[in-house]
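The data block below is coords17.cif; it holds mmCIF, C-alpha atoms.
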data_input
loop_
_atom_site.label_atom_id
_atom_site.label_comp_id
_atom_site.auth_asym_id
_atom_site.auth_seq_id
_atom_site.Cartn_x
_atom_site.Cartn_y
_atom_site.Cartn_z
CA MET A 1 101.75 75.26 118.29
CA SER A 2 100.05 73.57 121.22
CA THR A 3 100.06 76.82 123.24
CA THR A 4 97.57 78.36 120.82
CA ALA A 5 95.38 75.29 120.47
CA PRO A 6 91.73 75.83 121.39
CA ARG A 7 90.81 73.83 124.49
CA ARG A 8 87.06 73.56 123.96
CA GLY A 9 87.06 70.54 121.60
CA ARG A 10 85.34 67.41 122.80
CA ARG A 11 88.64 65.58 122.55
CA PRO A 12 92.03 67.02 123.39
CA GLY A 13 94.20 67.87 120.39
CA SER A 14 96.76 65.15 119.63
CA PRO A 15 98.39 63.45 116.65
CA ASP A 16 95.62 60.84 116.84
CA THR A 17 92.96 63.51 116.70
CA ARG A 18 94.63 65.09 113.68
CA ALA A 19 94.76 61.70 111.92
CA ALA A 20 91.13 61.01 112.83
CA ILE A 21 90.02 64.33 111.32
CA LEU A 22 91.99 63.60 108.13
CA ALA A 23 90.50 60.12 107.83
CA VAL A 24 86.96 61.47 108.15
CA ALA A 25 87.73 64.30 105.72
CA ARG A 26 89.07 61.91 103.09
CA GLU A 27 85.98 59.76 103.37
CA ARG A 28 83.50 62.65 103.25
CA PHE A 29 85.16 64.47 100.35
CA ALA A 30 85.37 61.23 98.40
CA GLN A 31 81.77 60.20 99.01
CA GLN A 32 79.97 63.55 98.96
CA GLY A 33 82.26 65.72 96.86
CA TYR A 34 83.82 69.01 97.88
CA ALA A 35 80.77 71.27 97.79
CA ALA A 36 78.47 69.04 99.87
CA THR A 37 81.06 68.41 102.60
CA SER A 38 81.22 70.82 105.58
CA VAL A 39 83.94 71.34 108.16
CA ARG A 40 81.24 71.14 110.81
CA GLY A 41 80.09 67.73 109.54
CA ILE A 42 83.65 66.43 109.52
CA ALA A 43 84.24 67.76 113.04
CA THR A 44 81.08 66.12 114.37
CA ALA A 45 81.93 62.78 112.77
CA ALA A 46 85.47 62.97 114.20
CA GLY A 47 84.09 63.85 117.65
CA VAL A 48 85.82 67.24 117.84
CA ASP A 49 84.89 70.91 117.66
CA SER A 50 84.97 72.74 114.29
CA ALA A 51 87.43 75.22 115.77
CA LEU A 52 89.94 72.43 116.34
CA VAL A 53 89.64 71.40 112.68
CA HIS A 54 90.30 74.99 111.60
CA HIS A 55 93.17 75.22 114.05
CA TYR A 56 94.86 72.14 112.65
CA PHE A 57 94.10 72.58 108.97
CA GLY A 58 92.98 76.14 108.25
CA THR A 59 90.15 76.57 105.74
CA LYS A 60 87.97 73.88 104.19
CA GLU A 61 90.13 74.06 101.05
CA ASP A 62 93.29 73.62 103.16
CA LEU A 63 91.71 70.58 104.80
CA PHE A 64 90.76 69.21 101.41
CA VAL A 65 94.31 69.60 100.11
CA ALA A 66 95.68 67.97 103.28
CA SER A 67 93.28 65.05 102.82
CA LEU A 68 94.75 64.38 99.35
CA GLU A 69 98.08 63.67 101.07
CA LEU A 70 100.18 64.91 98.19
CA ARG A 71 103.78 65.92 98.62
CA ILE A 72 103.21 69.08 96.61
CA ASP A 73 100.43 71.55 97.34
CA PRO A 74 98.57 71.54 94.03
CA ARG A 75 97.72 75.22 94.49
CA VAL A 76 101.34 76.22 93.81
CA ILE A 77 101.17 74.50 90.43
CA ALA A 78 98.91 76.92 88.61
CA PRO A 79 101.26 79.95 88.99
CA THR A 80 104.19 77.82 87.80
CA ILE A 81 102.30 76.88 84.67
CA THR A 82 101.09 80.37 83.84
CA ALA A 83 104.32 82.23 84.69
CA GLY A 84 105.54 82.09 81.08
CA GLY A 85 102.29 83.37 79.58
CA ARG A 86 99.80 81.75 77.21
CA GLU A 87 102.27 80.54 74.61
CA GLU A 88 104.45 78.59 77.04
CA ALA A 89 101.65 77.10 79.10
CA GLY A 90 101.33 73.85 77.14
CA GLU A 91 105.00 73.03 77.50
CA ARG A 92 105.11 73.98 81.18
CA LEU A 93 102.05 71.87 81.89
CA VAL A 94 103.50 68.74 80.28
CA ARG A 95 106.92 69.26 81.86
CA LEU A 96 105.43 69.72 85.33
CA LEU A 97 103.21 66.65 84.99
CA LEU A 98 106.18 64.50 84.02
CA SER A 99 108.44 65.87 86.78
CA VAL A 100 105.85 65.18 89.48
CA TRP A 101 105.03 61.69 88.19
CA ASP A 102 108.65 60.75 87.44
CA ASP A 103 109.39 61.35 91.15
CA GLU A 104 108.76 58.04 92.89
CA GLU A 105 107.74 59.56 96.19
CA SER A 106 105.07 61.78 94.74
CA ARG A 107 103.87 59.05 92.37
CA LEU A 108 102.46 56.77 95.03
CA PRO A 109 99.80 59.04 96.55
CA LEU A 110 98.90 60.25 93.05
CA MET A 111 98.40 56.65 91.94
CA GLY A 112 95.88 56.22 94.76
CA LEU A 113 94.05 59.32 93.59
CA VAL A 114 93.94 58.16 89.97
CA ARG A 115 92.64 54.76 91.02
CA SER A 116 89.77 56.44 92.89
CA VAL A 117 88.32 57.54 89.53
CA PHE A 118 87.26 53.91 89.10
CA GLU A 119 85.52 53.66 92.45
CA PRO A 120 81.88 54.73 92.16
CA GLU A 121 81.83 56.45 95.55
CA SER A 122 84.78 58.70 94.79
CA ARG A 123 84.64 58.98 91.00
CA ALA A 124 84.30 62.76 91.03
CA LEU A 125 86.97 63.50 93.63
CA VAL A 126 90.04 63.68 91.43
CA PRO A 127 88.50 65.67 88.60
CA GLU A 128 86.93 68.02 91.15
CA ALA A 129 90.21 68.39 93.03
CA PHE A 130 92.33 69.03 89.97
CA GLY A 131 89.71 71.20 88.36
CA ARG A 132 89.35 73.34 91.48
CA LEU A 133 93.00 73.55 92.44
CA ILE A 134 94.93 73.53 89.18
CA LEU A 135 92.97 73.64 85.94
CA GLY A 136 90.48 76.32 87.00
CA PRO A 137 93.15 78.77 88.17
CA VAL A 138 95.25 78.07 85.05
CA GLY A 139 92.28 78.74 82.78
CA ASP A 140 91.51 81.97 84.65
CA ALA A 141 95.11 83.21 84.68
CA LEU A 142 95.52 82.58 80.93
CA GLU A 143 92.15 84.27 80.26
CA LEU A 144 91.10 81.42 77.96
CA ASP A 145 87.88 81.50 76.00
CA GLU A 146 85.79 78.42 76.89
CA PRO A 147 88.16 77.56 79.77
CA GLU A 148 86.21 74.51 80.96
CA ARG A 149 86.06 72.95 77.53
CA ARG A 150 89.74 73.63 76.89
CA MET A 151 90.86 72.35 80.26
CA THR A 152 88.96 69.06 79.86
CA LEU A 153 90.68 68.56 76.50
CA VAL A 154 94.03 69.20 78.19
CA ALA A 155 93.10 66.82 81.00
CA SER A 156 92.09 64.11 78.51
CA GLN A 157 95.64 64.07 77.11
CA LEU A 158 97.44 64.36 80.45
CA VAL A 159 95.37 61.60 82.06
CA GLY A 160 96.11 59.33 79.10
CA ILE A 161 99.84 59.92 79.55
CA VAL A 162 99.55 59.06 83.24
CA VAL A 163 97.62 55.85 82.58
CA LEU A 164 99.91 54.57 79.82
CA ARG A 165 103.30 55.71 81.14
CA TYR A 166 102.89 55.26 84.89
CA VAL A 167 99.94 52.96 85.57
CA ALA A 168 100.01 50.40 82.74
CA GLN A 169 103.70 51.14 81.98
CA ILE A 170 103.44 50.56 78.25
CA GLU A 171 106.62 50.70 76.20
CA PRO A 172 108.08 52.65 74.55
CA LEU A 173 106.14 55.36 76.42
CA ALA A 174 107.08 54.13 79.90
CA SER A 175 110.81 54.63 79.46
CA ALA A 176 110.84 57.51 76.96
CA PRO A 177 112.98 60.47 78.14
CA ALA A 178 110.85 63.23 79.64
CA GLU A 179 112.20 65.81 77.19
CA THR A 180 111.12 63.72 74.20
CA LEU A 181 107.63 63.55 75.65
CA VAL A 182 107.59 67.28 76.33
CA ALA A 183 108.49 67.88 72.67
CA THR A 184 105.80 65.42 71.55
CA TYR A 185 102.92 66.49 73.74
CA ALA A 186 103.50 70.21 74.34
CA PRO A 187 102.20 71.29 70.90
CA VAL A 188 99.07 69.19 71.36
CA VAL A 189 98.35 70.56 74.83
CA GLN A 190 99.11 74.08 73.59
CA GLY A 191 96.61 73.56 70.78
CA TYR A 192 93.93 72.55 73.27
CA LEU A 193 94.73 75.65 75.36
CA THR A 194 94.93 78.34 72.71
CA GLY A 195 94.27 76.82 69.26
CA PRO A 196 91.02 76.99 67.29
CA LEU A 197 88.20 74.71 68.49
CA PRO A 198 85.57 73.16 66.22
CA MET B 1 77.01 21.63 67.36
CA SER B 2 76.86 18.81 69.91
CA THR B 3 76.96 16.18 67.17
CA THR B 4 80.53 17.18 66.31
CA ALA B 5 81.73 17.59 69.91
CA PRO B 6 84.72 15.43 70.82
CA ARG B 7 83.82 12.91 73.47
CA ARG B 8 87.22 12.30 75.00
CA GLY B 9 87.27 15.29 77.42
CA ARG B 10 87.40 14.49 81.12
CA ARG B 11 84.09 16.27 81.54
CA PRO B 12 81.23 16.15 79.06
CA GLY B 13 80.76 19.34 77.05
CA SER B 14 78.01 21.53 78.48
CA PRO B 15 77.25 25.21 78.96
CA ASP B 16 78.79 24.90 82.43
CA THR B 17 82.01 23.48 80.98
CA ARG B 18 82.17 26.32 78.49
CA ALA B 19 81.70 28.87 81.27
CA ALA B 20 84.31 27.13 83.43
CA ILE B 21 86.87 27.26 80.61
CA LEU B 22 86.15 30.94 80.05
CA ALA B 23 86.52 31.72 83.75
CA VAL B 24 89.88 29.97 83.92
CA ALA B 25 91.01 31.66 80.69
CA ARG B 26 90.12 35.13 81.97
CA GLU B 27 92.06 34.51 85.16
CA ARG B 28 95.14 33.07 83.44
CA PHE B 29 95.36 35.72 80.73
CA ALA B 30 94.93 38.45 83.34
CA GLN B 31 97.54 37.06 85.71
CA GLN B 32 100.14 35.68 83.33
CA GLY B 33 99.63 37.71 80.19
CA TYR B 34 98.85 36.35 76.75
CA ALA B 35 102.24 34.88 75.82
CA ALA B 36 102.75 32.87 79.03
CA THR B 37 99.28 31.36 79.00
CA SER B 38 98.70 28.05 77.19
CA VAL B 39 95.51 26.38 76.06
CA ARG B 40 96.77 23.17 77.67
CA GLY B 41 97.23 24.93 81.03
CA ILE B 42 93.75 26.37 80.84
CA ALA B 43 92.30 22.98 79.90
CA THR B 44 94.03 21.25 82.80
CA ALA B 45 92.89 23.87 85.30
CA ALA B 46 89.33 23.61 83.99
CA GLY B 47 89.47 19.81 84.20
CA VAL B 48 88.92 19.23 80.48
CA ASP B 49 90.90 18.12 77.46
CA SER B 50 92.69 20.72 75.28
CA ALA B 51 90.73 19.45 72.28
CA LEU B 52 87.50 20.46 73.95
CA VAL B 53 88.83 23.99 74.48
CA HIS B 54 89.76 24.19 70.80
CA HIS B 55 86.39 22.76 69.84
CA TYR B 56 84.51 25.40 71.80
CA PHE B 57 86.70 28.41 71.16
CA GLY B 58 89.06 27.74 68.23
CA THR B 59 92.62 29.08 68.55
CA LYS B 60 94.29 30.54 71.62
CA GLU B 61 93.66 34.01 70.19
CA ASP B 62 89.98 33.19 69.69
CA LEU B 63 89.79 32.03 73.30
CA PHE B 64 91.51 35.20 74.44
CA VAL B 65 89.02 37.36 72.53
CA ALA B 66 86.12 35.34 73.93
CA SER B 67 87.49 35.80 77.45
CA LEU B 68 87.34 39.60 77.02
CA GLU B 69 83.57 39.24 76.63
CA LEU B 70 83.20 42.16 74.27
CA ARG B 71 80.20 42.60 72.03
CA ILE B 72 82.44 43.40 69.08
CA ASP B 73 85.34 41.23 67.98
CA PRO B 74 88.23 43.69 68.24
CA ARG B 75 89.90 42.00 65.28
CA VAL B 76 87.32 43.45 62.89
CA ILE B 77 88.22 46.95 64.05
CA ALA B 78 91.64 47.29 62.43
CA PRO B 79 90.38 46.84 58.84
CA THR B 80 87.61 49.40 59.48
CA ILE B 81 90.18 51.95 60.62
CA THR B 82 92.61 51.39 57.79
CA ALA B 83 90.03 51.09 54.98
CA GLY B 84 90.32 54.80 54.10
CA GLY B 85 94.12 54.83 53.98
CA ARG B 86 96.67 56.68 56.08
CA GLU B 87 95.16 60.14 55.89
CA GLU B 88 91.73 59.10 57.17
CA ALA B 89 92.93 56.76 59.90
CA GLY B 90 92.97 59.33 62.72
CA GLU B 91 89.39 60.33 62.12
CA ARG B 92 88.20 56.76 61.72
CA LEU B 93 89.93 55.74 64.93
CA VAL B 94 88.32 58.50 67.00
CA ARG B 95 84.89 57.96 65.43
CA LEU B 96 85.01 54.21 66.07
CA LEU B 97 86.15 54.66 69.67
CA LEU B 98 83.26 57.03 70.36
CA SER B 99 80.68 54.84 68.62
CA VAL B 100 81.67 51.78 70.63
CA TRP B 101 81.80 53.61 73.97
CA ASP B 102 78.65 55.66 73.34
CA ASP B 103 76.77 52.35 73.01
CA GLU B 104 75.64 51.46 76.52
CA GLU B 105 75.72 47.71 75.97
CA SER B 106 79.30 47.63 74.77
CA ARG B 107 80.42 50.17 77.39
CA LEU B 108 79.92 47.90 80.38
CA PRO B 109 82.36 45.09 79.54
CA LEU B 110 84.85 47.70 78.28
CA MET B 111 84.61 49.53 81.60
CA GLY B 112 85.59 46.31 83.37
CA LEU B 113 88.57 45.97 81.07
CA VAL B 114 89.72 49.54 81.66
CA ARG B 115 89.40 49.10 85.41
CA SER B 116 91.71 46.06 85.22
CA VAL B 117 94.59 48.39 84.30
CA PHE B 118 94.58 49.47 87.94
CA GLU B 119 94.73 45.95 89.33
CA PRO B 120 98.34 44.80 89.71
CA GLU B 121 97.63 41.23 88.63
CA SER B 122 96.01 42.23 85.34
CA ARG B 123 97.67 45.57 84.60
CA ALA B 124 99.11 44.42 81.29
CA LEU B 125 96.02 42.65 79.96
CA VAL B 126 94.24 45.56 78.30
CA PRO B 127 97.28 47.15 76.69
CA GLU B 128 98.40 43.72 75.50
CA ALA B 129 94.95 42.90 74.17
CA PHE B 130 94.46 46.17 72.34
CA GLY B 131 98.02 46.26 71.13
CA ARG B 132 97.79 42.73 69.80
CA LEU B 133 94.32 42.89 68.33
CA ILE B 134 93.86 46.46 67.14
CA LEU B 135 96.85 48.79 67.31
CA GLY B 136 99.43 46.34 65.97
CA PRO B 137 97.40 45.42 62.87
CA VAL B 138 96.54 49.10 62.28
CA GLY B 139 100.20 50.10 62.46
CA ASP B 140 101.13 47.28 60.08
CA ALA B 141 98.38 48.03 57.59
CA LEU B 142 99.26 51.73 57.47
CA GLU B 143 102.96 50.88 57.14
CA LEU B 144 103.89 53.42 59.80
CA ASP B 145 107.46 54.21 60.70
CA GLU B 146 108.01 53.60 64.43
CA PRO B 147 104.59 51.90 64.73
CA GLU B 148 104.92 51.04 68.42
CA ARG B 149 105.87 54.54 69.43
CA ARG B 150 103.11 56.08 67.30
CA MET B 151 100.45 53.67 68.52
CA THR B 152 101.25 54.34 72.20
CA LEU B 153 100.88 58.08 71.52
CA VAL B 154 97.52 57.38 69.90
CA ALA B 155 96.53 55.17 72.81
CA SER B 156 97.52 57.86 75.33
CA GLN B 157 94.96 60.23 73.81
CA LEU B 158 92.20 57.65 73.32
CA VAL B 159 92.55 56.30 76.87
CA GLY B 160 92.33 59.84 78.24
CA ILE B 161 89.08 60.41 76.34
CA VAL B 162 87.68 57.18 77.75
CA VAL B 163 88.63 58.06 81.33
CA LEU B 164 87.29 61.62 81.25
CA ARG B 165 84.17 61.14 79.10
CA TYR B 166 82.97 57.71 80.19
CA VAL B 167 84.56 56.79 83.52
CA ALA B 168 84.81 60.09 85.43
CA GLN B 169 82.11 61.71 83.23
CA ILE B 170 83.60 65.20 83.33
CA GLU B 171 81.64 68.00 81.69
CA PRO B 172 81.61 69.44 79.11
CA LEU B 173 83.41 66.42 77.65
CA ALA B 174 80.89 63.85 78.90
CA SER B 175 77.95 65.27 76.96
CA ALA B 176 79.75 66.78 73.98
CA PRO B 177 78.35 65.56 70.62
CA ALA B 178 80.47 62.79 69.14
CA GLU B 179 81.01 64.74 65.91
CA THR B 180 82.47 67.72 67.82
CA LEU B 181 84.91 65.38 69.51
CA VAL B 182 85.82 63.73 66.21
CA ALA B 183 86.62 67.19 64.80
CA THR B 184 88.64 68.07 67.91
CA TYR B 185 90.64 64.89 68.35
CA ALA B 186 91.04 63.52 64.81
CA PRO B 187 93.82 65.97 63.84
CA VAL B 188 95.75 65.16 67.03
CA VAL B 189 95.46 61.40 66.54
CA GLN B 190 96.33 61.82 62.86
CA GLY B 191 99.43 63.76 63.90
CA TYR B 192 100.51 60.95 66.19
CA LEU B 193 99.96 58.45 63.34
CA THR B 194 101.62 60.22 60.44
CA GLY B 195 103.06 63.56 61.59
CA PRO B 196 106.69 64.33 62.39
CA LEU B 197 107.99 62.99 65.72
CA PRO B 198 110.67 64.69 67.84
#
For this file, write the structure as structure tokens.
Amino acid sequence: MSTTAPRRGRRPGSPDTRAAILAVARERFAQQGYAATSVRGIATAAGVDSALVHHYFGTKEDLFVASLELRIDPRVIAPTITAGGREEAGERLVRLLLSVWDDEESRLPLMGLVRSVFEPESRALVPEAFGRLILGPVGDALELDEPERRMTLVASQLVGIVVLRYVAQIEPLASAPAETLVATYAPVVQGYLTGPLP
Amino acid sequence: MSTTAPRRGRRPGSPDTRAAILAVARERFAQQGYAATSVRGIATAAGVDSALVHHYFGTKEDLFVASLELRIDPRVIAPTITAGGREEAGERLVRLLLSVWDDEESRLPLMGLVRSVFEPESRALVPEAFGRLILGPVGDALELDEPERRMTLVASQLVGIVVLRYVAQIEPLASAPAETLVATYAPVVQGYLTGPLP
């Protein structure tokens, strides 16, 4: 990889440089949101050339995903959810949420993301990230009417599950078997996706 | 009120004493939970006599409610929700949640409470408080089967609404008319209360 690295950055490429870029990216995306943050601005603040940022991380969206530090690239989630068509999407969505959060290693970085919703400077980051990377593509692929409205309803149930089961750890929800929760919540999420809306 | 104040406390009763008791109570309830916190322990830590705590605040539960600093006593909520019987409870629950959170003055202290779910030392406070003061009495009054399970399902939807509409302020949920949301969410909450469970 180092043989193809551009050599015109202000600092030489190194693990430290990569970490510095990520740290700046996390801060900028959190404070300014995705749209208002530029790769050039991140590069300048990290003291490197934009080309080095692209070399390490690819596009702005790739950099954004890297800055979330998740174990799973959220962009692979949407196709998994929509693979079974409209009528299975509710169940697949709930099952995937539970499998990711039931995994201890992926839970920790996600917990940090959820907590950021309560910090004024990064309040919009998580909804923006999950809207852009997961819920938007799911809504498009399923060709939903009123996709934004439906996906916020879906999110309102999934976020509540996360807060009660994983953050506050309220019983009996915290230790309920995943399959019981899939059976409980899938019809509700499916209704938000494809049922009638008032 | 001062004419009936007991005079045997270590400190004289005063607005400062009252505030000091409340501050200690908030800290103890948050750190130890409701059950493990005693009025005597709070009194000792605040440097006053237990009788003075009871004089100012009444029972331990009264003190707990006072320490939440809400504009509405949550104990009056359960009868409001159950007044229309089982079949109206879902709708009443959603409507009441929205009316309390749509009110700017009551939103602020509630926001502090919700945020405390993400602080390790007070994670259990809010669920314990709302379980004890609202959801438990509602489940009892409606004579639900599996009341704890049903009330955590209800809570998982209501908490998600709070996080998306009021904390993260995601559109179109954040500015949707309350009545539209009542029509959307009431059937789901009603299902959790009285519908079949897997």
Can you tell me, as a ChimeraX atom specification, what residues are no more than 12 Å from Leu125 (chain B) when counting all atoms listed in the file, ignoring any on the same chain fewer than 6 positions away? /A:168-170 /B:26-37,64-65,67-68,112-119,131-133
Just so the selection is clear, what residues does the PyMOL selection byres ((chain B and resi 171-185) around 8) cover here, as number ranges by chain? A: 148-149, 152-153, 197-198; B: 91, 94-95, 98-99, 164-166, 169-170, 186-189
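Among the candidates A:Ser50, A:Thr59, A:Ser106, A:Gln190, the residue lying nearest to chain B is A:Gln190 (atoms considered: all atoms listed in the file).
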Taking all listed atoms of region 32-36 of chain B, build the axis-aligned box, pad each of the six sides by 5 Å, then write its centre and edge lengths in Å to one decimal as lines of an AutoDock Vina configuration file.
center_x = 100.8
center_y = 35.3
center_z = 79.6
size_x = 13.9
size_y = 14.8
size_z = 17.5
Neighbourhood query: residues within 6 Å of (88.4, 65.0, 117.6), file coordinates, counting all atoms listed in the file; return as a compact mmCIF listing (two decimals) with C-alpha atoms, in the coordinates of the input.
# COMPACT_ATOMS: atom_id res chain seq x y z
CA ARG A 11 88.64 65.58 122.55
CA THR A 17 92.96 63.51 116.70
CA ALA A 46 85.47 62.97 114.20
CA GLY A 47 84.09 63.85 117.65
CA VAL A 48 85.82 67.24 117.84
Fill-in result for region 74-87 of chain A, N, CA, C and O atoms as a tab-separated table (two decimals), keeping the file's coordinate frame:
chain	number	residue	atom	x	y	z
A	74	PRO	N	98.93	71.30	95.43
A	74	PRO	CA	98.57	71.54	94.03
A	74	PRO	C	98.27	73.00	93.72
A	74	PRO	O	98.31	73.40	92.56
A	75	ARG	N	98.04	73.81	94.75
A	75	ARG	CA	97.72	75.22	94.49
A	75	ARG	C	98.94	76.03	94.06
A	75	ARG	O	98.80	77.13	93.54
A	76	VAL	N	100.15	75.49	94.29
A	76	VAL	CA	101.34	76.22	93.81
A	76	VAL	C	101.62	75.91	92.34
A	76	VAL	O	102.47	76.52	91.71
A	77	ILE	N	100.88	74.93	91.80
A	77	ILE	CA	101.17	74.50	90.43
A	77	ILE	C	100.68	75.50	89.40
A	77	ILE	O	101.38	75.79	88.42
A	78	ALA	N	99.49	76.02	89.61
A	78	ALA	CA	98.91	76.92	88.61
A	78	ALA	C	99.83	78.11	88.31
A	78	ALA	O	100.09	78.39	87.13
A	79	PRO	N	100.35	78.83	89.31
A	79	PRO	CA	101.26	79.95	88.99
A	79	PRO	C	102.51	79.52	88.22
A	79	PRO	O	102.99	80.25	87.35
A	80	THR	N	103.01	78.33	88.52
A	80	THR	CA	104.19	77.82	87.80
A	80	THR	C	103.87	77.64	86.32
A	80	THR	O	104.69	77.93	85.45
A	81	ILE	N	102.68	77.15	86.05
A	81	ILE	CA	102.30	76.88	84.67
A	81	ILE	C	102.06	78.17	83.90
A	81	ILE	O	102.41	78.29	82.72
A	82	THR	N	101.49	79.15	84.55
A	82	THR	CA	101.09	80.37	83.84
A	82	THR	C	102.18	81.43	83.83
A	82	THR	O	102.03	82.45	83.16
A	83	ALA	N	103.28	81.20	84.55
A	83	ALA	CA	104.32	82.23	84.69
A	83	ALA	C	104.91	82.67	83.35
A	83	ALA	O	105.35	83.80	83.19
A	84	GLY	N	104.94	81.75	82.37
A	84	GLY	CA	105.54	82.09	81.08
A	84	GLY	C	104.55	82.63	80.07
A	84	GLY	O	104.89	82.78	78.89
A	85	GLY	N	103.30	82.85	80.50
A	85	GLY	CA	102.29	83.37	79.58
A	85	GLY	C	101.60	82.27	78.79
A	85	GLY	O	101.91	81.09	78.94
A	86	ARG	N	100.65	82.69	77.94
A	86	ARG	CA	99.80	81.75	77.21
A	86	ARG	C	100.60	80.81	76.32
A	86	ARG	O	100.29	79.63	76.23
A	87	GLU	N	101.62	81.33	75.64
A	87	GLU	CA	102.27	80.54	74.61
A	87	GLU	C	103.21	79.47	75.16
A	87	GLU	O	103.61	78.56	74.44
